[in-house]
file input.tsv (TSV, N, CA and C atoms and all ligand atoms)
chain	number	residue	atom	x	y	z
A	1	MET	N	106.06	-62.44	193.34
A	1	MET	CA	106.11	-61.12	192.69
A	1	MET	C	107.32	-60.34	193.22
A	2	LYS	N	108.01	-59.70	192.32
A	2	LYS	CA	109.19	-58.95	192.74
A	2	LYS	C	108.80	-57.59	193.29
A	3	PRO	N	109.54	-57.12	194.28
A	3	PRO	CA	109.29	-55.76	194.76
A	3	PRO	C	109.54	-54.77	193.62
A	4	LEU	N	108.76	-53.72	193.63
A	4	LEU	CA	108.87	-52.69	192.59
A	4	LEU	C	110.31	-52.18	192.44
A	5	ARG	N	110.96	-52.05	193.57
A	5	ARG	CA	112.33	-51.53	193.60
A	5	ARG	C	113.27	-52.28	192.65
A	6	GLU	N	113.03	-53.57	192.47
A	6	GLU	CA	113.91	-54.37	191.60
A	6	GLU	C	113.76	-54.01	190.11
A	7	TYR	N	112.65	-53.38	189.78
A	7	TYR	CA	112.43	-53.01	188.38
A	7	TYR	C	112.92	-51.61	188.04
A	8	ILE	N	113.06	-50.79	189.07
A	8	ILE	CA	113.32	-49.38	188.80
A	8	ILE	C	114.77	-49.01	189.08
A	9	SER	N	115.47	-48.71	188.01
A	9	SER	CA	116.82	-48.17	188.13
A	9	SER	C	116.94	-47.14	187.01
A	10	GLU	N	117.94	-46.31	187.09
A	10	GLU	CA	118.09	-45.29	186.06
A	10	GLU	C	118.26	-45.96	184.68
A	11	ASP	N	119.02	-47.04	184.62
A	11	ASP	CA	119.21	-47.76	183.35
A	11	ASP	C	117.90	-48.34	182.83
A	12	ALA	N	117.11	-48.92	183.73
A	12	ALA	CA	115.84	-49.51	183.31
A	12	ALA	C	114.91	-48.43	182.77
A	13	LEU	N	114.89	-47.26	183.42
A	13	LEU	CA	114.03	-46.16	182.97
A	13	LEU	C	114.49	-45.67	181.60
A	14	GLU	N	115.78	-45.62	181.42
A	14	GLU	CA	116.33	-45.17	180.14
A	14	GLU	C	115.93	-46.15	179.02
A	15	ASP	N	115.89	-47.43	179.35
A	15	ASP	CA	115.49	-48.44	178.35
A	15	ASP	C	114.00	-48.36	178.01
A	16	LEU	N	113.19	-48.06	179.02
A	16	LEU	CA	111.74	-48.05	178.81
A	16	LEU	C	111.26	-46.84	178.03
A	17	ALA	N	111.91	-45.71	178.25
A	17	ALA	CA	111.45	-44.46	177.64
A	17	ALA	C	112.20	-44.18	176.34
A	18	THR	N	111.61	-43.33	175.52
A	18	THR	CA	112.34	-42.85	174.36
A	18	THR	C	113.43	-41.91	174.88
A	19	ARG	N	114.39	-41.61	174.01
A	19	ARG	CA	115.48	-40.77	174.45
A	19	ARG	C	114.98	-39.39	174.89
A	20	SER	N	114.03	-38.82	174.13
A	20	SER	CA	113.57	-37.48	174.50
A	20	SER	C	112.72	-37.52	175.77
A	21	ASN	N	111.89	-38.55	175.94
A	21	ASN	CA	111.11	-38.63	177.18
A	21	ASN	C	112.02	-38.83	178.39
A	22	PHE	N	113.10	-39.56	178.18
A	22	PHE	CA	114.03	-39.75	179.30
A	22	PHE	C	114.66	-38.41	179.69
A	23	ARG	N	115.00	-37.62	178.67
A	23	ARG	CA	115.61	-36.32	178.93
A	23	ARG	C	114.62	-35.37	179.61
A	24	TYR	N	113.37	-35.32	179.09
A	24	TYR	CA	112.34	-34.48	179.72
A	24	TYR	C	112.10	-34.93	181.16
A	25	GLY	N	112.05	-36.24	181.33
A	25	GLY	CA	111.78	-36.79	182.66
A	25	GLY	C	112.84	-36.40	183.67
A	26	LYS	N	114.09	-36.36	183.21
A	26	LYS	CA	115.18	-35.95	184.11
A	26	LYS	C	115.00	-34.50	184.55
A	27	GLY	N	114.54	-33.66	183.59
A	27	GLY	CA	114.29	-32.26	183.90
A	27	GLY	C	113.16	-32.12	184.92
A	28	ILE	N	112.10	-32.91	184.72
A	28	ILE	CA	110.97	-32.86	185.66
A	28	ILE	C	111.42	-33.34	187.04
A	29	ALA	N	112.26	-34.36	187.06
A	29	ALA	CA	112.75	-34.88	188.35
A	29	ALA	C	113.50	-33.79	189.10
A	30	LYS	N	114.14	-32.89	188.33
A	30	LYS	CA	114.92	-31.83	188.95
A	30	LYS	C	114.04	-30.69	189.46
A	31	ASP	N	113.12	-30.17	188.63
A	31	ASP	CA	112.32	-29.02	189.10
A	31	ASP	C	110.86	-29.31	189.37
A	32	GLY	N	110.41	-30.54	189.21
A	32	GLY	CA	108.99	-30.81	189.45
A	32	GLY	C	108.67	-30.91	190.93
A	33	GLU	N	107.36	-30.78	191.19
A	33	GLU	CA	106.89	-30.99	192.57
A	33	GLU	C	106.18	-32.34	192.60
A	34	PHE	N	106.57	-33.16	193.54
A	34	PHE	CA	106.00	-34.50	193.64
A	34	PHE	C	105.14	-34.61	194.89
A	35	THR	N	103.98	-35.23	194.72
A	35	THR	CA	103.13	-35.51	195.87
A	35	THR	C	102.89	-37.01	195.89
A	36	LEU	N	103.30	-37.62	196.97
A	36	LEU	CA	103.13	-39.06	197.08
A	36	LEU	C	101.68	-39.39	197.41
A	37	VAL	N	101.08	-40.27	196.63
A	37	VAL	CA	99.70	-40.68	196.88
A	37	VAL	C	99.70	-41.99	197.66
A	38	LYS	N	100.52	-42.92	197.18
A	38	LYS	CA	100.57	-44.23	197.82
A	38	LYS	C	101.87	-44.91	197.44
A	39	SER	N	102.51	-45.54	198.40
A	39	SER	CA	103.72	-46.28	198.07
A	39	SER	C	103.85	-47.47	198.98
A	40	ASN	N	103.96	-48.64	198.38
A	40	ASN	CA	104.23	-49.84	199.16
A	40	ASN	C	105.17	-50.73	198.33
A	41	THR	N	105.34	-51.95	198.74
A	41	THR	CA	106.33	-52.81	198.07
A	41	THR	C	106.07	-52.96	196.57
A	42	TYR	N	104.79	-52.99	196.19
A	42	TYR	CA	104.45	-53.29	194.80
A	42	TYR	C	103.87	-52.14	194.01
A	43	ASN	N	103.51	-51.09	194.69
A	43	ASN	CA	102.87	-49.95	194.02
A	43	ASN	C	103.52	-48.64	194.42
A	44	HIS	N	103.58	-47.75	193.45
A	44	HIS	CA	104.04	-46.40	193.76
A	44	HIS	C	103.18	-45.45	192.92
A	45	ILE	N	102.42	-44.64	193.61
A	45	ILE	CA	101.56	-43.68	192.92
A	45	ILE	C	101.94	-42.29	193.39
A	46	ALA	N	102.23	-41.43	192.42
A	46	ALA	CA	102.62	-40.07	192.78
A	46	ALA	C	102.07	-39.09	191.77
A	47	GLN	N	101.83	-37.88	192.25
A	47	GLN	CA	101.41	-36.80	191.36
A	47	GLN	C	102.64	-35.95	191.10
A	48	VAL	N	102.72	-35.45	189.88
A	48	VAL	CA	103.85	-34.61	189.54
A	48	VAL	C	103.35	-33.37	188.82
A	49	LYS	N	103.95	-32.25	189.20
A	49	LYS	CA	103.59	-30.98	188.58
A	49	LYS	C	104.86	-30.22	188.30
A	50	GLN	N	104.97	-29.75	187.06
A	50	GLN	CA	106.15	-28.97	186.70
A	50	GLN	C	105.71	-27.65	186.10
A	51	GLY	N	106.11	-26.57	186.71
A	51	GLY	CA	105.81	-25.24	186.20
A	51	GLY	C	104.32	-25.05	185.91
A	52	HIS	N	104.01	-24.57	184.70
A	52	HIS	CA	102.62	-24.29	184.35
A	52	HIS	C	101.92	-25.52	183.78
A	53	HIS	N	102.62	-26.64	183.69
A	53	HIS	CA	102.01	-27.84	183.13
A	53	HIS	C	100.97	-28.43	184.08
A	54	GLU	N	100.05	-29.15	183.48
A	54	GLU	CA	99.02	-29.79	184.27
A	54	GLU	C	99.60	-30.84	185.22
A	55	LYS	N	98.91	-31.02	186.34
A	55	LYS	CA	99.36	-32.04	187.28
A	55	LYS	C	99.02	-33.42	186.72
A	56	ARG	N	99.95	-34.33	186.78
A	56	ARG	CA	99.74	-35.69	186.27
A	56	ARG	C	99.92	-36.71	187.38
A	57	THR	N	99.21	-37.82	187.22
A	57	THR	CA	99.34	-38.89	188.22
A	57	THR	C	99.94	-40.12	187.54
A	58	VAL	N	100.97	-40.64	188.15
A	58	VAL	CA	101.68	-41.82	187.62
A	58	VAL	C	101.52	-42.98	188.58
A	59	HIS	N	101.24	-44.13	188.03
A	59	HIS	CA	101.15	-45.36	188.83
A	59	HIS	C	102.17	-46.35	188.28
A	60	LEU	N	103.12	-46.72	189.09
A	60	LEU	CA	104.09	-47.77	188.75
A	60	LEU	C	103.73	-48.98	189.59
A	61	GLU	N	103.68	-50.14	188.95
A	61	GLU	CA	103.20	-51.32	189.68
A	61	GLU	C	103.97	-52.57	189.30
A	62	SER	N	104.33	-53.33	190.30
A	62	SER	CA	104.91	-54.65	190.07
A	62	SER	C	103.76	-55.65	190.04
A	63	THR	N	103.65	-56.40	188.95
A	63	THR	CA	102.58	-57.38	188.82
A	63	THR	C	103.21	-58.75	188.55
A	64	PRO	N	102.39	-59.82	188.60
A	64	PRO	CA	102.96	-61.14	188.29
A	64	PRO	C	103.55	-61.18	186.87
A	65	LYS	N	103.10	-60.27	186.00
A	65	LYS	CA	103.63	-60.24	184.63
A	65	LYS	C	104.75	-59.23	184.45
A	66	GLY	N	105.21	-58.67	185.54
A	66	GLY	CA	106.32	-57.71	185.44
A	66	GLY	C	105.87	-56.29	185.75
A	67	LEU	N	106.70	-55.35	185.35
A	67	LEU	CA	106.41	-53.94	185.64
A	67	LEU	C	105.29	-53.42	184.74
A	68	ARG	N	104.35	-52.72	185.35
A	68	ARG	CA	103.29	-52.05	184.60
A	68	ARG	C	103.28	-50.58	185.00
A	69	TRP	N	102.81	-49.72	184.09
A	69	TRP	CA	102.78	-48.29	184.40
A	69	TRP	C	101.59	-47.63	183.72
A	70	LYS	N	101.24	-46.47	184.28
A	70	LYS	CA	100.11	-45.72	183.78
A	70	LYS	C	100.33	-44.26	184.12
A	71	CYS	N	99.97	-43.38	183.20
A	71	CYS	CA	100.05	-41.95	183.50
A	71	CYS	C	98.80	-41.30	182.94
A	72	THR	N	98.31	-40.27	183.64
A	72	THR	CA	97.08	-39.61	183.20
A	72	THR	C	97.30	-38.72	181.98
A	73	CYS	N	98.54	-38.56	181.51
A	73	CYS	CA	98.77	-37.70	180.33
A	73	CYS	C	98.46	-38.42	179.03
A	74	THR	N	98.31	-39.73	179.06
A	74	THR	CA	98.10	-40.46	177.82
A	74	THR	C	97.22	-41.68	178.04
A	75	SER	N	96.50	-42.06	176.99
A	75	SER	CA	95.73	-43.30	177.08
A	75	SER	C	96.43	-44.38	176.26
A	76	LYS	N	97.57	-44.00	175.67
A	76	LYS	CA	98.34	-44.98	174.90
A	76	LYS	C	98.84	-46.08	175.83
A	77	LYS	N	98.64	-47.29	175.44
A	77	LYS	CA	99.10	-48.41	176.27
A	77	LYS	C	100.61	-48.56	176.17
A	78	ASN	N	101.20	-48.88	177.30
A	78	ASN	CA	102.64	-49.17	177.34
A	78	ASN	C	103.52	-48.00	176.92
A	79	TYR	N	102.98	-46.80	177.00
A	79	TYR	CA	103.78	-45.63	176.65
A	79	TYR	C	104.43	-45.10	177.92
A	80	PHE	N	105.74	-45.20	177.97
A	80	PHE	CA	106.46	-44.78	179.17
A	80	PHE	C	106.84	-43.30	178.99
A	81	CYS	N	105.96	-42.44	179.46
A	81	CYS	CA	106.11	-41.00	179.21
A	81	CYS	C	107.15	-40.36	180.14
A	82	GLN	N	107.34	-39.06	179.93
A	82	GLN	CA	108.32	-38.33	180.74
A	82	GLN	C	107.95	-38.28	182.22
A	83	HIS	N	106.63	-38.34	182.51
A	83	HIS	CA	106.21	-38.33	183.92
A	83	HIS	C	106.56	-39.65	184.60
A	84	CYS	N	106.42	-40.75	183.84
A	84	CYS	CA	106.82	-42.06	184.38
A	84	CYS	C	108.31	-42.05	184.71
A	85	VAL	N	109.10	-41.44	183.82
A	85	VAL	CA	110.54	-41.34	184.06
A	85	VAL	C	110.80	-40.53	185.33
A	86	ALA	N	110.13	-39.37	185.43
A	86	ALA	CA	110.37	-38.47	186.56
A	86	ALA	C	109.98	-39.13	187.88
A	87	VAL	N	108.83	-39.79	187.90
A	87	VAL	CA	108.37	-40.44	189.13
A	87	VAL	C	109.29	-41.62	189.47
A	88	GLY	N	109.75	-42.32	188.41
A	88	GLY	CA	110.70	-43.41	188.63
A	88	GLY	C	112.00	-42.91	189.24
A	89	LEU	N	112.51	-41.79	188.72
A	89	LEU	CA	113.75	-41.23	189.25
A	89	LEU	C	113.57	-40.77	190.69
A	90	ALA	N	112.42	-40.16	190.96
A	90	ALA	CA	112.13	-39.71	192.33
A	90	ALA	C	112.01	-40.91	193.27
A	91	PHE	N	111.47	-41.99	192.74
A	91	PHE	CA	111.29	-43.21	193.52
A	91	PHE	C	112.65	-43.80	193.94
A	92	ILE	N	113.63	-43.73	193.04
A	92	ILE	CA	114.96	-44.28	193.34
A	92	ILE	C	115.60	-43.51	194.49
A	93	LYS	N	115.38	-42.19	194.51
A	93	LYS	CA	116.04	-41.35	195.52
A	93	LYS	C	115.47	-41.54	196.92
B	1	ZN	ZN	102.72	-38.71	181.54
call {"tool": "encode", "arguments": {"input": "input.tsv", "output": "C-alpha cells", "more": "lines below"}}
Ligand SMILES: [Zn+2]
result
Amino acid sequence: MKPLREYISEDALEDLATRSNFRYGKGIAKDGEFTLVKSNTYNHIAQVKQGHHEKRTVHLESTPKGLRWKCTCTSKKNYFCQHCVAVGLAFIK
C-alpha cells in the first residue's frame, strides 16, 4: 500500500475535484480552522470549519485499491468536495 502522501499533491487534488470545488477548497485552506483528529502513513482525518459554516470531518485514506475519501457534508459516493480539497491542501503543508 502506498503512503497517503504519494496520492496527495495540488495537481492530484485539482484533478479529483470539480473546478469550483477546487477553488472553494483553496479559500477554505486559506481561512479555515483545521483540527487534526488522526494522521498516520495511510490515514488523515481532520475537522475543518470556515466562518459560519458547519464543522465538517474529512477522512483521506490510502487503501489497497488506491485513494479513498469521505466527508460529512455529503453522502454522495466518490464526491471530492471542497472540504476534501482544503484538508488535502493543509495535509501537503
Ligand atoms: Zn465536504
call {"tool": "closest_atom_pairs", "arguments": {"input": "input.tsv", "of": "chain A", "to": "ligand ZN 1 (chain B)", "cutoff": "7 Å", "atoms": "only N, CA and C atoms and all ligand atoms", "output": "Markdown table"}}
result
| residue | atom | partner | partner_atom | distance |
| --- | --- | --- | --- | --- |
| A:Arg56 | CA | B:ZN1 | ZN | 6.4 |
| A:Thr57 | N | B:ZN1 | ZN | 6.7 |
| A:Val58 | CA | B:ZN1 | ZN | 6.9 |
| A:Lys70 | C | B:ZN1 | ZN | 6.6 |
| A:Cys71 | CA | B:ZN1 | ZN | 4.6 |
| A:Thr72 | N | B:ZN1 | ZN | 5.1 |
| A:Cys73 | N | B:ZN1 | ZN | 4.2 |
| A:Thr74 | N | B:ZN1 | ZN | 5.2 |
| A:Phe80 | C | B:ZN1 | ZN | 6.7 |
| A:Cys81 | CA | B:ZN1 | ZN | 4.7 |
| A:Gln82 | N | B:ZN1 | ZN | 4.9 |
| A:His83 | N | B:ZN1 | ZN | 4.0 |
| A:Cys84 | N | B:ZN1 | ZN | 4.8 |
call {"tool": "closest_residue", "arguments": {"input": "input.tsv", "among": "A:Arg19, A:Lys38, A:Lys30, A:Lys55", "to": "Ala90 in chain A", "atoms": "only C-alpha atoms"}}
result
A:Lys30
call {"tool": "residues_near_point", "arguments": {"input": "input.tsv", "point": "(106.5, -50.3, 188.3)", "cutoff": "7 Å", "atoms": "only N, CA and C atoms", "output": "CSV table (one decimal) with N, CA and C atoms, in the coordinates of the input"}}
result
chain,number,residue,atom,x,y,z
A,4,LEU,N,108.8,-53.7,193.6
A,4,LEU,CA,108.9,-52.7,192.6
A,4,LEU,C,110.3,-52.2,192.4
A,7,TYR,N,112.6,-53.4,189.8
A,7,TYR,CA,112.4,-53.0,188.4
A,7,TYR,C,112.9,-51.6,188.0
A,8,ILE,N,113.1,-50.8,189.1
A,8,ILE,CA,113.3,-49.4,188.8
A,8,ILE,C,114.8,-49.0,189.1
A,42,TYR,N,104.8,-53.0,196.2
A,42,TYR,CA,104.4,-53.3,194.8
A,42,TYR,C,103.9,-52.1,194.0
A,43,ASN,N,103.5,-51.1,194.7
A,43,ASN,CA,102.9,-50.0,194.0
A,43,ASN,C,103.5,-48.6,194.4
A,44,HIS,N,103.6,-47.8,193.4
A,44,HIS,CA,104.0,-46.4,193.8
A,44,HIS,C,103.2,-45.4,192.9
A,59,HIS,N,101.2,-44.1,188.0
A,59,HIS,CA,101.2,-45.4,188.8
A,59,HIS,C,102.2,-46.4,188.3
A,60,LEU,N,103.1,-46.7,189.1
A,60,LEU,CA,104.1,-47.8,188.8
A,60,LEU,C,103.7,-49.0,189.6
A,61,GLU,N,103.7,-50.1,189.0
A,61,GLU,CA,103.2,-51.3,189.7
A,61,GLU,C,104.0,-52.6,189.3
A,62,SER,N,104.3,-53.3,190.3
A,62,SER,CA,104.9,-54.6,190.1
A,62,SER,C,103.8,-55.6,190.0
A,63,THR,N,103.6,-56.4,189.0
A,63,THR,CA,102.6,-57.4,188.8
A,63,THR,C,103.2,-58.8,188.6
A,66,GLY,N,105.2,-58.7,185.5
A,66,GLY,CA,106.3,-57.7,185.4
A,66,GLY,C,105.9,-56.3,185.8
A,67,LEU,N,106.7,-55.4,185.4
A,67,LEU,CA,106.4,-53.9,185.6
A,67,LEU,C,105.3,-53.4,184.7
A,68,ARG,N,104.4,-52.7,185.4
A,68,ARG,CA,103.3,-52.0,184.6
A,68,ARG,C,103.3,-50.6,185.0
A,69,TRP,N,102.8,-49.7,184.1
A,69,TRP,CA,102.8,-48.3,184.4
A,69,TRP,C,101.6,-47.6,183.7
call {"tool": "residues_near_point", "arguments": {"input": "input.tsv", "point": "(111.2, -46.3, 181.5)", "cutoff": "9 Å", "atoms": "only C-alpha atoms", "output": "PDB file with N, CA and C atoms, keeping the file's coordinate frame"}}
result
ATOM      1  N   ILE A   8     113.060 -50.790 189.070  1.00  0.00           N
ATOM      2  CA  ILE A   8     113.320 -49.380 188.800  1.00  0.00           C
ATOM      3  C   ILE A   8     114.770 -49.010 189.080  1.00  0.00           C
ATOM      4  N   SER A   9     115.470 -48.710 188.010  1.00  0.00           N
ATOM      5  CA  SER A   9     116.820 -48.170 188.130  1.00  0.00           C
ATOM      6  C   SER A   9     116.940 -47.140 187.010  1.00  0.00           C
ATOM      7  N   GLU A  10     117.940 -46.310 187.090  1.00  0.00           N
ATOM      8  CA  GLU A  10     118.090 -45.290 186.060  1.00  0.00           C
ATOM      9  C   GLU A  10     118.260 -45.960 184.680  1.00  0.00           C
ATOM     10  N   ASP A  11     119.020 -47.040 184.620  1.00  0.00           N
ATOM     11  CA  ASP A  11     119.210 -47.760 183.350  1.00  0.00           C
ATOM     12  C   ASP A  11     117.900 -48.340 182.830  1.00  0.00           C
ATOM     13  N   ALA A  12     117.110 -48.920 183.730  1.00  0.00           N
ATOM     14  CA  ALA A  12     115.840 -49.510 183.310  1.00  0.00           C
ATOM     15  C   ALA A  12     114.910 -48.430 182.770  1.00  0.00           C
ATOM     16  N   LEU A  13     114.890 -47.260 183.420  1.00  0.00           N
ATOM     17  CA  LEU A  13     114.030 -46.160 182.970  1.00  0.00           C
ATOM     18  C   LEU A  13     114.490 -45.670 181.600  1.00  0.00           C
ATOM     19  N   GLU A  14     115.780 -45.620 181.420  1.00  0.00           N
ATOM     20  CA  GLU A  14     116.330 -45.170 180.140  1.00  0.00           C
ATOM     21  C   GLU A  14     115.930 -46.150 179.020  1.00  0.00           C
ATOM     22  N   ASP A  15     115.890 -47.430 179.350  1.00  0.00           N
ATOM     23  CA  ASP A  15     115.490 -48.440 178.350  1.00  0.00           C
ATOM     24  C   ASP A  15     114.000 -48.360 178.010  1.00  0.00           C
ATOM     25  N   LEU A  16     113.190 -48.060 179.020  1.00  0.00           N
ATOM     26  CA  LEU A  16     111.740 -48.050 178.810  1.00  0.00           C
ATOM     27  C   LEU A  16     111.260 -46.840 178.030  1.00  0.00           C
ATOM     28  N   ALA A  17     111.910 -45.710 178.250  1.00  0.00           N
ATOM     29  CA  ALA A  17     111.450 -44.460 177.640  1.00  0.00           C
ATOM     30  C   ALA A  17     112.200 -44.180 176.340  1.00  0.00           C
ATOM     31  N   THR A  18     111.610 -43.330 175.520  1.00  0.00           N
ATOM     32  CA  THR A  18     112.340 -42.850 174.360  1.00  0.00           C
ATOM     33  C   THR A  18     113.430 -41.910 174.880  1.00  0.00           C
ATOM     34  N   ASN A  21     111.890 -38.550 175.940  1.00  0.00           N
ATOM     35  CA  ASN A  21     111.110 -38.630 177.180  1.00  0.00           C
ATOM     36  C   ASN A  21     112.020 -38.830 178.390  1.00  0.00           C
ATOM     37  N   PHE A  22     113.100 -39.560 178.180  1.00  0.00           N
ATOM     38  CA  PHE A  22     114.030 -39.750 179.300  1.00  0.00           C
ATOM     39  C   PHE A  22     114.660 -38.410 179.690  1.00  0.00           C
ATOM     40  N   TYR A  79     102.980 -46.800 177.000  1.00  0.00           N
ATOM     41  CA  TYR A  79     103.780 -45.630 176.650  1.00  0.00           C
ATOM     42  C   TYR A  79     104.430 -45.100 177.920  1.00  0.00           C
ATOM     43  N   PHE A  80     105.740 -45.200 177.970  1.00  0.00           N
ATOM     44  CA  PHE A  80     106.460 -44.780 179.170  1.00  0.00           C
ATOM     45  C   PHE A  80     106.840 -43.300 178.990  1.00  0.00           C
ATOM     46  N   CYS A  81     105.960 -42.440 179.460  1.00  0.00           N
ATOM     47  CA  CYS A  81     106.110 -41.000 179.210  1.00  0.00           C
ATOM     48  C   CYS A  81     107.150 -40.360 180.140  1.00  0.00           C
ATOM     49  N   GLN A  82     107.340 -39.060 179.930  1.00  0.00           N
ATOM     50  CA  GLN A  82     108.320 -38.330 180.740  1.00  0.00           C
ATOM     51  C   GLN A  82     107.950 -38.280 182.220  1.00  0.00           C
ATOM     52  N   CYS A  84     106.420 -40.750 183.840  1.00  0.00           N
ATOM     53  CA  CYS A  84     106.820 -42.060 184.380  1.00  0.00           C
ATOM     54  C   CYS A  84     108.310 -42.050 184.710  1.00  0.00           C
ATOM     55  N   VAL A  85     109.100 -41.440 183.820  1.00  0.00           N
ATOM     56  CA  VAL A  85     110.540 -41.340 184.060  1.00  0.00           C
ATOM     57  C   VAL A  85     110.800 -40.530 185.330  1.00  0.00           C
ATOM     58  N   GLY A  88     109.750 -42.320 188.410  1.00  0.00           N
ATOM     59  CA  GLY A  88     110.700 -43.410 188.630  1.00  0.00           C
ATOM     60  C   GLY A  88     112.000 -42.910 189.240  1.00  0.00           C
TER      61      GLY A  88
END
call {"tool": "closest_residue", "arguments": {"input": "input.tsv", "among": "A:Ser20, A:Ile28, A:Arg5, A:Ala86", "to": "Gln50 in chain A", "atoms": "only C-alpha atoms"}}
result
A:Ile28
call {"tool": "atom_distance", "arguments": {"input": "input.tsv", "atom1": "atom C of Tyr24 in chain A", "atom2": "atom C of Lys49 in chain A"}}
result
11.2 Å
call {"tool": "atom_distance", "arguments": {"input": "input.tsv", "atom1": "atom N of Gly51 in chain A", "atom2": "CA of Lys93 in chain A"}}
result
19.9 Å
call {"tool": "atom_distance", "arguments": {"input": "input.tsv", "atom1": "atom C of Pro3 in chain A", "atom2": "atom N of Ser75 in chain A"}}
result
24.7 Å
call {"tool": "select_by_dssp", "arguments": {"input": "input.tsv", "residues": "range 1-70 of chain A", "states": "strand (DSSP E or B)", "output": "mmCIF file with N, CA and C atoms, in the coordinates of the input"}}
result
data_model
loop_
_atom_site.group_PDB
_atom_site.id
_atom_site.type_symbol
_atom_site.label_atom_id
_atom_site.label_comp_id
_atom_site.auth_asym_id
_atom_site.auth_seq_id
_atom_site.Cartn_x
_atom_site.Cartn_y
_atom_site.Cartn_z
ATOM 1 N N GLU A 33 107.360 -30.780 191.190
ATOM 2 C CA GLU A 33 106.890 -30.990 192.570
ATOM 3 C C GLU A 33 106.180 -32.340 192.600
ATOM 4 N N PHE A 34 106.570 -33.160 193.540
ATOM 5 C CA PHE A 34 106.000 -34.500 193.640
ATOM 6 C C PHE A 34 105.140 -34.610 194.890
ATOM 7 N N THR A 35 103.980 -35.230 194.720
ATOM 8 C CA THR A 35 103.130 -35.510 195.870
ATOM 9 C C THR A 35 102.890 -37.010 195.890
ATOM 10 N N LEU A 36 103.300 -37.620 196.970
ATOM 11 C CA LEU A 36 103.130 -39.060 197.080
ATOM 12 C C LEU A 36 101.680 -39.390 197.410
ATOM 13 N N VAL A 37 101.080 -40.270 196.630
ATOM 14 C CA VAL A 37 99.700 -40.680 196.880
ATOM 15 C C VAL A 37 99.700 -41.990 197.660
ATOM 16 N N LYS A 38 100.520 -42.920 197.180
ATOM 17 C CA LYS A 38 100.570 -44.230 197.820
ATOM 18 C C LYS A 38 101.870 -44.910 197.440
ATOM 19 N N SER A 39 102.510 -45.540 198.400
ATOM 20 C CA SER A 39 103.720 -46.280 198.070
ATOM 21 C C SER A 39 103.850 -47.470 198.980
ATOM 22 N N ASN A 43 103.510 -51.090 194.690
ATOM 23 C CA ASN A 43 102.870 -49.950 194.020
ATOM 24 C C ASN A 43 103.520 -48.640 194.420
ATOM 25 N N HIS A 44 103.580 -47.750 193.450
ATOM 26 C CA HIS A 44 104.040 -46.400 193.760
ATOM 27 C C HIS A 44 103.180 -45.450 192.920
ATOM 28 N N ILE A 45 102.420 -44.640 193.610
ATOM 29 C CA ILE A 45 101.560 -43.680 192.920
ATOM 30 C C ILE A 45 101.940 -42.290 193.390
ATOM 31 N N ALA A 46 102.230 -41.430 192.420
ATOM 32 C CA ALA A 46 102.620 -40.070 192.780
ATOM 33 C C ALA A 46 102.070 -39.090 191.770
ATOM 34 N N GLN A 47 101.830 -37.880 192.250
ATOM 35 C CA GLN A 47 101.410 -36.800 191.360
ATOM 36 C C GLN A 47 102.640 -35.950 191.100
ATOM 37 N N VAL A 48 102.720 -35.450 189.880
ATOM 38 C CA VAL A 48 103.850 -34.610 189.540
ATOM 39 C C VAL A 48 103.350 -33.370 188.820
ATOM 40 N N LYS A 49 103.950 -32.250 189.200
ATOM 41 C CA LYS A 49 103.590 -30.980 188.580
ATOM 42 C C LYS A 49 104.860 -30.220 188.300
ATOM 43 N N ARG A 56 99.950 -34.330 186.780
ATOM 44 C CA ARG A 56 99.740 -35.690 186.270
ATOM 45 C C ARG A 56 99.920 -36.710 187.380
ATOM 46 N N THR A 57 99.210 -37.820 187.220
ATOM 47 C CA THR A 57 99.340 -38.890 188.220
ATOM 48 C C THR A 57 99.940 -40.120 187.540
ATOM 49 N N VAL A 58 100.970 -40.640 188.150
ATOM 50 C CA VAL A 58 101.680 -41.820 187.620
ATOM 51 C C VAL A 58 101.520 -42.980 188.580
ATOM 52 N N HIS A 59 101.240 -44.130 188.030
ATOM 53 C CA HIS A 59 101.150 -45.360 188.830
ATOM 54 C C HIS A 59 102.170 -46.350 188.280
ATOM 55 N N LEU A 60 103.120 -46.720 189.090
ATOM 56 C CA LEU A 60 104.090 -47.770 188.750
ATOM 57 C C LEU A 60 103.730 -48.980 189.590
ATOM 58 N N GLU A 61 103.680 -50.140 188.950
ATOM 59 C CA GLU A 61 103.200 -51.320 189.680
ATOM 60 C C GLU A 61 103.970 -52.570 189.300
ATOM 61 N N SER A 62 104.330 -53.330 190.300
ATOM 62 C CA SER A 62 104.910 -54.650 190.070
ATOM 63 C C SER A 62 103.760 -55.650 190.040
ATOM 64 N N THR A 63 103.650 -56.400 188.950
ATOM 65 C CA THR A 63 102.580 -57.380 188.820
ATOM 66 C C THR A 63 103.210 -58.750 188.550
ATOM 67 N N GLY A 66 105.210 -58.670 185.540
ATOM 68 C CA GLY A 66 106.320 -57.710 185.440
ATOM 69 C C GLY A 66 105.870 -56.290 185.750
ATOM 70 N N LEU A 67 106.700 -55.350 185.350
ATOM 71 C CA LEU A 67 106.410 -53.940 185.640
ATOM 72 C C LEU A 67 105.290 -53.420 184.740
ATOM 73 N N ARG A 68 104.350 -52.720 185.350
ATOM 74 C CA ARG A 68 103.290 -52.050 184.600
ATOM 75 C C ARG A 68 103.280 -50.580 185.000
ATOM 76 N N TRP A 69 102.810 -49.720 184.090
ATOM 77 C CA TRP A 69 102.780 -48.290 184.400
ATOM 78 C C TRP A 69 101.590 -47.630 183.720
ATOM 79 N N LYS A 70 101.240 -46.470 184.280
ATOM 80 C CA LYS A 70 100.110 -45.720 183.780
ATOM 81 C C LYS A 70 100.330 -44.260 184.120
#
call {"tool": "closest_residue", "arguments": {"input": "input.tsv", "among": "A:Thr41, A:His52, A:Val87, A:Lys76", "to": "Lys2 in chain A", "atoms": "all atoms listed in the file"}}
result
A:Thr41
call {"tool": "axis_aligned_box", "arguments": {"input": "input.tsv", "around": "range 20-23 of chain A", "padding_each_side": "4 Å", "output": "AutoDock Vina command-line options"}}
result
--center_x 113.4 --center_y -37.6 --center_z 176.9 --size_x 12.5 --size_y 12.4 --size_z 13.6
